[in-house]
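The structure file coords.cif is reproduced below (mmCIF, C-alpha atoms).
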```
data_target
#
loop_
_atom_site.group_PDB
_atom_site.id
_atom_site.type_symbol
_atom_site.label_atom_id
_atom_site.label_comp_id
_atom_site.auth_asym_id
_atom_site.auth_seq_id
_atom_site.Cartn_x
_atom_site.Cartn_y
_atom_site.Cartn_z
ATOM 1 C CA MET G 689 136.777 30.211 100.900
ATOM 2 C CA THR G 690 133.294 28.742 100.646
ATOM 3 C CA THR G 691 132.009 28.587 104.175
ATOM 4 C CA PRO G 692 128.286 27.890 104.027
ATOM 5 C CA LEU G 693 126.443 30.989 105.164
ATOM 6 C CA SER G 694 124.174 29.923 107.909
ATOM 7 C CA LEU G 695 123.414 31.058 111.396
ATOM 8 C CA SER G 696 122.867 27.534 112.636
ATOM 9 C CA GLY G 697 125.262 26.688 115.412
ATOM 10 C CA LEU G 698 125.482 30.316 116.473
ATOM 11 C CA ASP G 699 124.090 31.095 119.848
ATOM 12 C CA LEU G 700 121.807 34.052 119.303
ATOM 13 C CA PRO G 701 121.750 36.009 122.544
ATOM 14 C CA ARG G 702 118.361 37.290 123.552
ATOM 15 C CA ARG G 703 119.279 39.038 126.774
ATOM 16 C CA ASN G 704 119.853 42.697 127.378
ATOM 17 C CA GLY G 705 123.287 43.644 128.601
ATOM 18 C CA GLU G 706 124.966 40.303 127.966
ATOM 19 C CA LEU G 707 128.608 39.897 128.958
ATOM 20 C CA ALA G 708 130.687 41.269 126.141
ATOM 21 C CA PHE G 709 134.003 39.528 126.731
ATOM 22 C CA ASP G 710 134.664 35.835 127.182
ATOM 23 C CA ALA G 711 138.236 36.184 128.462
ATOM 24 C CA PRO G 712 140.404 38.914 129.983
ATOM 25 C CA TRP G 713 142.698 39.093 126.953
ATOM 26 C CA GLN G 714 139.696 40.101 124.856
ATOM 27 C CA SER G 715 138.893 43.121 126.983
ATOM 28 C CA THR G 716 142.612 43.914 127.097
ATOM 29 C CA VAL G 717 142.998 43.996 123.330
ATOM 30 C CA PHE G 718 139.823 46.050 123.104
ATOM 31 C CA ALA G 719 141.170 48.568 125.604
ATOM 32 C CA LEU G 720 144.589 48.633 123.915
ATOM 33 C CA ALA G 721 142.933 49.561 120.632
ATOM 34 C CA ALA G 722 141.043 52.299 122.475
ATOM 35 C CA ALA G 723 144.331 53.515 123.982
ATOM 36 C CA VAL G 724 146.002 53.686 120.565
ATOM 37 C CA ILE G 725 143.020 55.470 119.011
ATOM 38 C CA GLU G 726 142.866 57.961 121.847
ATOM 39 C CA HIS G 727 146.543 58.540 122.592
ATOM 40 C CA ALA G 728 148.322 57.903 119.284
ATOM 41 C CA PHE G 729 145.735 59.121 116.788
ATOM 42 C CA GLY G 730 143.976 61.830 118.781
ATOM 43 C CA GLY G 731 140.637 60.014 118.714
ATOM 44 C CA ASN G 732 140.728 59.143 115.006
ATOM 45 C CA ARG G 733 139.408 55.615 114.675
ATOM 46 C CA GLU G 734 139.972 55.296 110.950
ATOM 47 C CA PRO G 735 143.549 53.890 110.973
ATOM 48 C CA PHE G 736 142.500 51.097 113.312
ATOM 49 C CA ARG G 737 139.266 50.479 111.477
ATOM 50 C CA GLN G 738 141.090 50.062 108.184
ATOM 51 C CA GLN G 739 143.398 47.474 109.746
ATOM 52 C CA LEU G 740 140.430 45.667 111.277
ATOM 53 C CA ILE G 741 138.677 45.513 107.917
ATOM 54 C CA LYS G 742 141.848 44.044 106.374
ATOM 55 C CA ALA G 743 142.305 41.583 109.225
ATOM 56 C CA ILE G 744 138.725 40.320 108.980
ATOM 57 C CA ALA G 745 138.866 40.125 105.184
ATOM 58 C CA ALA G 746 142.136 38.180 105.351
ATOM 59 C CA GLU G 747 140.653 35.473 107.554
ATOM 60 C CA PRO G 748 136.881 35.785 107.736
ATOM 61 C CA GLY G 749 136.519 32.695 109.909
ATOM 62 C CA ARG G 750 139.004 33.817 112.551
ATOM 63 C CA PRO G 751 137.575 34.511 116.010
ATOM 64 C CA TYR G 752 136.610 38.143 116.253
ATOM 65 C CA TRP G 753 138.937 39.338 119.000
ATOM 66 C CA GLU G 754 141.855 37.574 117.317
ATOM 67 C CA SER G 755 141.201 39.774 114.310
ATOM 68 C CA TRP G 756 141.420 42.761 116.645
ATOM 69 C CA THR G 757 144.767 41.454 117.841
ATOM 70 C CA ALA G 758 146.024 41.053 114.256
ATOM 71 C CA ALA G 759 144.758 44.533 113.364
ATOM 72 C CA LEU G 760 146.522 46.087 116.317
ATOM 73 C CA GLU G 761 149.746 44.235 115.527
ATOM 74 C CA ALA G 762 149.589 45.584 111.980
ATOM 75 C CA LEU G 763 148.903 49.095 113.220
ATOM 76 C CA VAL G 764 151.698 49.310 115.789
ATOM 77 C CA PRO G 765 154.593 49.704 113.306
ATOM 78 C CA THR G 766 152.767 52.647 111.717
ATOM 79 C CA LEU G 767 152.220 54.557 114.954
ATOM 80 C CA PRO G 768 153.265 58.176 114.855
ATOM 81 C CA GLU G 769 156.159 59.011 117.148
ATOM 82 C CA ARG G 770 154.909 60.584 120.329
ATOM 83 C CA SER G 771 156.732 63.219 122.292
ATOM 84 C CA THR G 772 156.775 62.532 125.996
ATOM 85 C CA PRO G 773 154.695 65.033 127.917
ATOM 86 C CA MET M 246 160.159 37.427 122.367
ATOM 87 C CA SER M 247 160.403 37.840 126.110
ATOM 88 C CA ASP M 248 157.352 38.874 128.008
ATOM 89 C CA SER M 249 157.939 41.867 130.222
ATOM 90 C CA THR M 250 154.456 42.437 131.640
ATOM 91 C CA HIS M 251 153.566 42.030 135.288
ATOM 92 C CA ARG M 252 150.729 39.663 134.570
ATOM 93 C CA PRO M 253 150.759 35.919 135.216
ATOM 94 C CA ALA M 254 152.307 33.908 132.386
ATOM 95 C CA PRO M 255 149.803 33.787 129.535
ATOM 96 C CA VAL M 256 148.828 30.399 128.226
ATOM 97 C CA SER M 257 147.487 30.646 124.694
ATOM 98 C CA PRO M 258 149.359 32.156 121.733
ATOM 99 C CA VAL M 259 146.818 34.933 121.355
ATOM 100 C CA GLU M 260 147.132 35.807 125.041
ATOM 101 C CA GLN M 261 150.878 36.034 124.561
ATOM 102 C CA ARG M 262 150.431 38.306 121.564
ATOM 103 C CA VAL M 263 148.068 40.578 123.474
ATOM 104 C CA ALA M 264 150.453 40.663 126.440
ATOM 105 C CA ALA M 265 153.282 41.611 124.070
ATOM 106 C CA LEU M 266 151.151 44.392 122.592
ATOM 107 C CA GLU M 267 150.292 45.635 126.056
ATOM 108 C CA ALA M 268 153.965 45.695 127.074
ATOM 109 C CA LEU M 269 154.994 47.481 123.891
ATOM 110 C CA LEU M 270 152.246 50.093 123.987
ATOM 111 C CA THR M 271 152.735 50.720 127.700
ATOM 112 C CA GLU M 272 156.447 51.248 127.085
ATOM 113 C CA ARG M 273 155.573 53.830 124.451
ATOM 114 C CA GLY M 274 153.460 55.694 126.990
ATOM 115 C CA LEU M 275 150.163 55.054 125.246
ATOM 116 C CA VAL M 276 148.477 53.101 128.041
ATOM 117 C CA PRO M 277 148.129 55.133 131.221
ATOM 118 C CA GLU M 278 147.925 53.359 134.568
ATOM 119 C CA GLY M 279 144.457 51.882 135.037
ATOM 120 C CA PHE M 280 143.343 52.654 131.491
ATOM 121 C CA ILE M 281 142.513 49.063 130.536
ATOM 122 C CA GLU M 282 140.419 48.468 133.648
ATOM 123 C CA GLN M 283 138.650 51.773 133.180
ATOM 124 C CA VAL M 284 137.731 51.118 129.551
ATOM 125 C CA THR M 285 136.598 47.587 130.294
ATOM 126 C CA ARG M 286 134.440 48.685 133.172
ATOM 127 C CA ARG M 287 132.907 51.444 131.107
ATOM 128 C CA TYR M 288 131.859 49.137 128.313
ATOM 129 C CA GLU M 289 130.857 46.208 130.467
ATOM 130 C CA SER M 290 128.718 47.999 132.968
ATOM 131 C CA GLU M 291 128.117 51.600 132.066
ATOM 132 C CA THR M 292 127.043 51.381 128.465
ATOM 133 C CA GLY M 293 124.604 48.916 127.091
ATOM 134 C CA PRO M 294 121.172 48.509 125.584
ATOM 135 C CA MET M 295 119.621 50.117 128.668
ATOM 136 C CA ASN M 296 120.853 53.451 127.303
ATOM 137 C CA GLY M 297 119.189 52.960 123.939
ATOM 138 C CA ALA M 298 116.027 51.749 125.685
ATOM 139 C CA LYS M 299 115.775 55.089 127.502
ATOM 140 C CA VAL M 300 116.091 56.945 124.211
ATOM 141 C CA VAL M 301 113.351 54.847 122.638
ATOM 142 C CA ALA M 302 111.008 55.189 125.609
ATOM 143 C CA ARG M 303 111.471 58.951 125.644
ATOM 144 C CA ALA M 304 110.692 59.105 121.919
ATOM 145 C CA TRP M 305 107.528 57.052 122.440
ATOM 146 C CA LEU M 306 106.333 59.428 125.152
ATOM 147 C CA ASP M 307 107.432 62.789 123.844
ATOM 148 C CA PRO M 308 106.569 63.582 120.204
ATOM 149 C CA GLN M 309 108.834 66.624 120.201
ATOM 150 C CA TYR M 310 111.762 64.578 121.432
ATOM 151 C CA LYS M 311 111.033 62.004 118.752
ATOM 152 C CA GLN M 312 111.084 64.724 116.126
ATOM 153 C CA ARG M 313 114.471 65.943 117.349
ATOM 154 C CA LEU M 314 115.737 62.365 117.521
ATOM 155 C CA LEU M 315 114.863 61.633 113.909
ATOM 156 C CA ALA M 316 116.216 64.986 112.752
ATOM 157 C CA ASP M 317 119.539 64.840 114.615
ATOM 158 C CA GLY M 318 120.149 61.572 116.402
ATOM 159 C CA THR M 319 123.491 62.525 117.909
ATOM 160 C CA ALA M 320 122.172 65.693 119.534
ATOM 161 C CA ALA M 321 118.947 64.149 120.830
ATOM 162 C CA ILE M 322 120.792 61.164 122.275
ATOM 163 C CA ALA M 323 123.289 63.515 123.906
ATOM 164 C CA GLU M 324 120.348 65.234 125.637
ATOM 165 C CA LEU M 325 119.999 62.054 127.686
ATOM 166 C CA GLY M 326 123.698 62.038 128.454
ATOM 167 C CA PHE M 327 124.849 59.380 125.998
ATOM 168 C CA GLY M 328 127.593 60.044 123.519
ATOM 169 C CA GLY M 329 131.296 59.999 123.045
ATOM 170 C CA PRO M 330 133.505 57.917 120.820
ATOM 171 C CA GLU M 331 131.687 55.575 118.421
ATOM 172 C CA GLY M 332 128.499 57.553 118.696
ATOM 173 C CA ASP M 333 129.313 60.881 117.148
ATOM 174 C CA HIS M 334 127.144 60.526 114.043
ATOM 175 C CA MET M 335 124.025 58.716 115.091
ATOM 176 C CA VAL M 336 121.123 58.323 112.718
ATOM 177 C CA VAL M 337 117.853 56.970 114.103
ATOM 178 C CA VAL M 338 115.591 55.110 111.682
ATOM 179 C CA GLU M 339 111.928 54.636 112.545
ATOM 180 C CA ASN M 340 109.919 51.457 112.104
ATOM 181 C CA THR M 341 106.333 51.881 110.944
ATOM 182 C CA ALA M 342 103.544 49.480 110.097
ATOM 183 C CA ALA M 343 104.818 49.467 106.518
ATOM 184 C CA THR M 344 108.594 49.644 107.089
ATOM 185 C CA HIS M 345 111.091 47.615 109.058
ATOM 186 C CA ASN M 346 114.670 48.792 109.580
ATOM 187 C CA VAL M 347 117.663 46.661 110.457
ATOM 188 C CA ILE M 348 121.326 47.560 111.016
ATOM 189 C CA VAL M 349 124.444 45.733 109.927
ATOM 190 C CA CYS M 350 128.108 46.509 109.323
ATOM 191 C CA THR M 351 129.225 44.650 106.226
ATOM 192 C CA LEU M 352 132.916 45.549 106.486
ATOM 193 C CA CYS M 353 133.697 45.087 110.144
ATOM 194 C CA SER M 354 131.584 45.657 113.211
ATOM 195 C CA CYS M 355 130.604 49.318 113.460
ATOM 196 C CA TYR M 356 127.870 49.600 116.036
ATOM 197 C CA PRO M 357 126.221 52.393 118.054
ATOM 198 C CA TRP M 358 128.188 51.645 121.225
ATOM 199 C CA PRO M 359 127.016 54.496 123.460
ATOM 200 C CA VAL M 360 123.402 53.379 123.155
ATOM 201 C CA LEU M 361 123.777 49.623 122.694
ATOM 202 C CA GLY M 362 127.072 48.712 124.352
ATOM 203 C CA LEU M 363 129.235 46.131 122.632
ATOM 204 C CA PRO M 364 127.849 44.181 119.710
ATOM 205 C CA PRO M 365 126.616 40.622 120.255
ATOM 206 C CA ALA M 366 128.734 37.813 118.799
ATOM 207 C CA TRP M 367 126.432 37.095 115.871
ATOM 208 C CA TYR M 368 126.489 40.745 114.748
ATOM 209 C CA LYS M 369 130.223 40.420 114.175
ATOM 210 C CA ASP M 370 130.067 37.086 112.367
ATOM 211 C CA PRO M 371 130.348 36.772 108.583
ATOM 212 C CA PRO M 372 126.967 35.022 108.061
ATOM 213 C CA TYR M 373 125.032 37.924 109.566
ATOM 214 C CA ARG M 374 127.130 40.577 107.830
ATOM 215 C CA ALA M 375 126.720 38.970 104.415
ATOM 216 C CA ARG M 376 123.204 37.621 104.571
ATOM 217 C CA MET M 377 121.497 40.642 106.101
ATOM 218 C CA VAL M 378 122.333 42.513 102.930
ATOM 219 C CA ARG M 379 121.658 39.708 100.470
ATOM 220 C CA GLU M 380 118.562 38.104 101.919
ATOM 221 C CA PRO M 381 117.319 40.109 104.892
ATOM 222 C CA ARG M 382 113.801 38.687 104.865
ATOM 223 C CA ALA M 383 114.987 35.080 105.029
ATOM 224 C CA LEU M 384 117.585 35.842 107.692
ATOM 225 C CA LEU M 385 115.153 37.823 109.834
ATOM 226 C CA ALA M 386 112.700 34.936 109.684
ATOM 227 C CA GLU M 387 115.438 32.530 110.796
ATOM 228 C CA MET M 388 116.265 34.855 113.663
ATOM 229 C CA GLY M 389 112.683 34.728 114.888
ATOM 230 C CA CYS M 390 111.460 37.881 113.190
ATOM 231 C CA PRO M 391 109.275 36.863 110.246
ATOM 232 C CA LEU M 392 107.818 39.827 108.384
ATOM 233 C CA PRO M 393 104.758 39.937 106.144
ATOM 234 C CA GLU M 394 105.592 40.380 102.449
ATOM 235 C CA GLU M 395 104.007 43.834 102.398
ATOM 236 C CA VAL M 396 106.415 45.198 105.013
ATOM 237 C CA GLU M 397 109.356 46.859 103.308
ATOM 238 C CA ILE M 398 112.762 46.019 104.816
ATOM 239 C CA ARG M 399 115.456 48.686 104.888
ATOM 240 C CA VAL M 400 118.977 47.532 105.656
ATOM 241 C CA TRP M 401 121.365 50.184 106.991
ATOM 242 C CA ASP M 402 125.068 49.520 106.571
ATOM 243 C CA SER M 403 126.969 51.179 109.406
ATOM 244 C CA SER M 404 130.348 52.792 108.895
ATOM 245 C CA ALA M 405 132.904 54.784 110.818
ATOM 246 C CA GLU M 406 131.005 57.895 109.781
ATOM 247 C CA VAL M 407 127.430 56.903 110.561
ATOM 248 C CA ARG M 408 125.959 54.605 113.195
ATOM 249 C CA TYR M 409 122.318 53.647 113.040
ATOM 250 C CA LEU M 410 119.781 52.887 115.737
ATOM 251 C CA VAL M 411 116.338 51.473 115.054
ATOM 252 C CA LEU M 412 113.372 53.165 116.712
ATOM 253 C CA PRO M 413 110.870 50.327 117.159
ATOM 254 C CA GLN M 414 107.124 50.891 117.017
ATOM 255 C CA ARG M 415 105.467 51.490 120.333
ATOM 256 C CA PRO M 416 103.490 48.377 121.248
ATOM 257 C CA PRO M 417 99.711 48.677 121.488
ATOM 258 C CA ALA M 418 98.006 48.944 124.870
ATOM 259 C CA THR M 419 100.885 50.725 126.565
ATOM 260 C CA GLU M 420 99.055 53.973 127.303
ATOM 261 C CA GLY M 421 99.665 55.187 130.821
ATOM 262 C CA LYS M 422 102.947 53.374 131.204
ATOM 263 C CA THR M 423 105.856 55.348 132.622
ATOM 264 C CA GLU M 424 109.094 55.979 130.772
ATOM 265 C CA ALA M 425 110.858 53.366 132.886
ATOM 266 C CA GLU M 426 108.127 50.804 132.235
ATOM 267 C CA LEU M 427 108.325 51.465 128.525
ATOM 268 C CA ALA M 428 112.132 51.255 128.541
ATOM 269 C CA ALA M 429 111.880 47.810 130.091
ATOM 270 C CA LEU M 430 110.074 46.613 126.953
ATOM 271 C CA VAL M 431 112.882 47.695 124.646
ATOM 272 C CA THR M 432 115.515 45.064 123.941
ATOM 273 C CA ARG M 433 118.814 45.273 122.142
ATOM 274 C CA ASP M 434 117.487 43.121 119.305
ATOM 275 C CA LEU M 435 114.603 45.535 118.738
ATOM 276 C CA MET M 436 117.064 48.405 118.353
ATOM 277 C CA ILE M 437 119.261 46.423 115.932
ATOM 278 C CA GLY M 438 116.131 45.491 114.048
ATOM 279 C CA VAL M 439 116.287 41.703 114.340
ATOM 280 C CA ALA M 440 113.119 41.688 116.420
ATOM 281 C CA ARG M 441 109.820 43.533 116.142
ATOM 282 C CA LEU M 442 107.178 44.296 118.732
#
```

As structure tokens, what does this structure read like?
Amino acid sequence: MTTPLSLSGLDLPRRNGELAFDAPWQSTVFALAAAVIEHAFGGNREPFRQQLIKAIAAEPGRPYWESWTAALEALVPTLPERSTP
Amino acid sequence: MSDSTHRPAPVSPVEQRVAALEALLTERGLVPEGFIEQVTRRYESETGPMNGAKVVARAWLDPQYKQRLLADGTAAIAELGFGGPEGDHMVVVENTAATHNVIVCTLCSCYPWPVLGLPPAWYKDPPYRARMVREPRALLAEMGCPLPEEVEIRVWDSSAEVRYLVLPQRPPATEGKTEAELAALVTRDLMIGVARL
């Protein structure tokens, strides 16, 4: 893919503490990834991070939180079985 | 696939996918009641650049703190109560008259969350991630941070192991200002390194 590398058209935020999420599903997928990292991998972020790297590399132009969704979908089948407390 | 969550019917495909993930992970016991709201609240309102600004202001005022901060970023930042996931190996890099530091994550979007909150949109976008490594001087100029040729630019590529934070130079004529007044001068962009005082 040969997307021209330019920052034109990007809104460069200049404010402190800007709103991080544009829609509720974005904060949900963010929190779901946090839940998986914390509760399925004991705080190890690496499995998710590897999937996120793959997801972004696969479609570099895809909206960011959609890549998170794809990464989480790819990670779910690999989740370790968890014994109920 | 049927949607078994309690939320209103999602509209877009990605919303449906996220709802399906939420249902599946909840069923597997990985998402405790209230967890999503709690995480969202924490990142939206409790962490953000105001945390990093306090660290910077303290370093400007207290030379011993600054020394500890540059020697062991994680520990010095924890002294101010900031830490936790995504901030366990913090390295603080200091701007000087001769050196400018800037942070990037070329592979994904690693970022020092406990001190800066969530990354801005442009930090996560391919143009920034690619160009900050290839042509930092040109990109910084485009972003409103032109640097004289004699200033060396150091680009720090974040990873899961190490997160960087830029310690900007203290602006001139700020003697006598309080820590809170100094912190108010410190913006997120200064601590990423895409701005300079």

Which polymer residues, whether protein, DNA or RNA, lie within 12 Å of the coordinate (137.3, 33.0, 119.9) when you count only C-alpha atoms? List them as a ChimeraX atom specification, using the chain letters and numbers from the file. /G:709-711,713-714,749-757 /M:257,259-260,366,369-370

Exactly which residues make up the result of the PyMOL selection byres ((chain M and resi 269) around 12) on this file, given as an MDAnalysis selection string? (chainID G and resid 720 724 760:761 764:765 767) or (chainID M and resid 246:250 262:268 270:276)

Residues of chain M within 7 Å of chain G, using only C-alpha atoms, as a PyMOL selection string? chain M and resi 259-260+263+267+275-276+281+284-285+289+293-294+352-353+363+367+371-372+432-433

Size and centre in Å, one decimal, axis-aligned box, all listed range 351-362 of chain M atoms plus 8 Å per side, as lines of an AutoDock Vina configuration file:
```
center_x = 128.5
center_y = 49.6
center_z = 115.3
size_x = 26.3
size_y = 25.8
size_z = 34.1
```

Restricting the calculation to all atoms listed in the file, which member of M:Trp305, M:Asp402, M:Pro364, M:Ala383 is positioned closest to Glu420 in chain M? M:Trp305

Report, in Å to a single decimal, how far apart CA of Val336 in chain M and CA of Cys350 in chain M are.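 According to the coordinates, CA of Cys350 in chain M and CA of Val336 in chain M are separated by 14.1 Å.
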
Find the distance between CA of Thr344 in chain M and CA of Val301 in chain M and write it in Å to one decimal.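 Between these atoms lies a distance of 17.1 Å.
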
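Minimum atom-to-atom distances from M:Glu278, M:Gly328, M:Ala298, M:Trp358 to Tyr409 in chain M were compared using all atoms listed in the file, and the lowest value belongs to M:Trp358.
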
To verify the selection step, state as a PyMOL selection string which residues the PyMOL selection byres ((chain M and resi 299) around 9) yields on this input. chain M and resi 294-298+300-304+325+360+424-425+427-429+431

All residues 8 Å or closer to Val411 in chain M, only C-alpha atoms, same chain fewer than 6 positions away omitted, as a list of chain:residue names: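 Those residues are M:Val337, M:Val338, M:Glu339, M:Asn340, M:Asn346, M:Val347, M:Ile348, M:Leu435, M:Met436, M:Ile437, M:Gly438.
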
Report, in Å to a single decimal, how far apart CA of Ser290 in chain M and CA of Gln312 in chain M are.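 These atoms are spaced 29.6 Å apart.
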
Pick the closest to Arg415 in chain M from M:Glu291, M:Asp317, M:Glu380, M:Asp307: which is it, counting only C-alpha atoms? M:Asp307

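Nearest residue to Lys311 in chain M among M:Ser403, M:Thr292, M:Gln414, M:Ser354 is M:Gln414, counting only C-alpha atoms.
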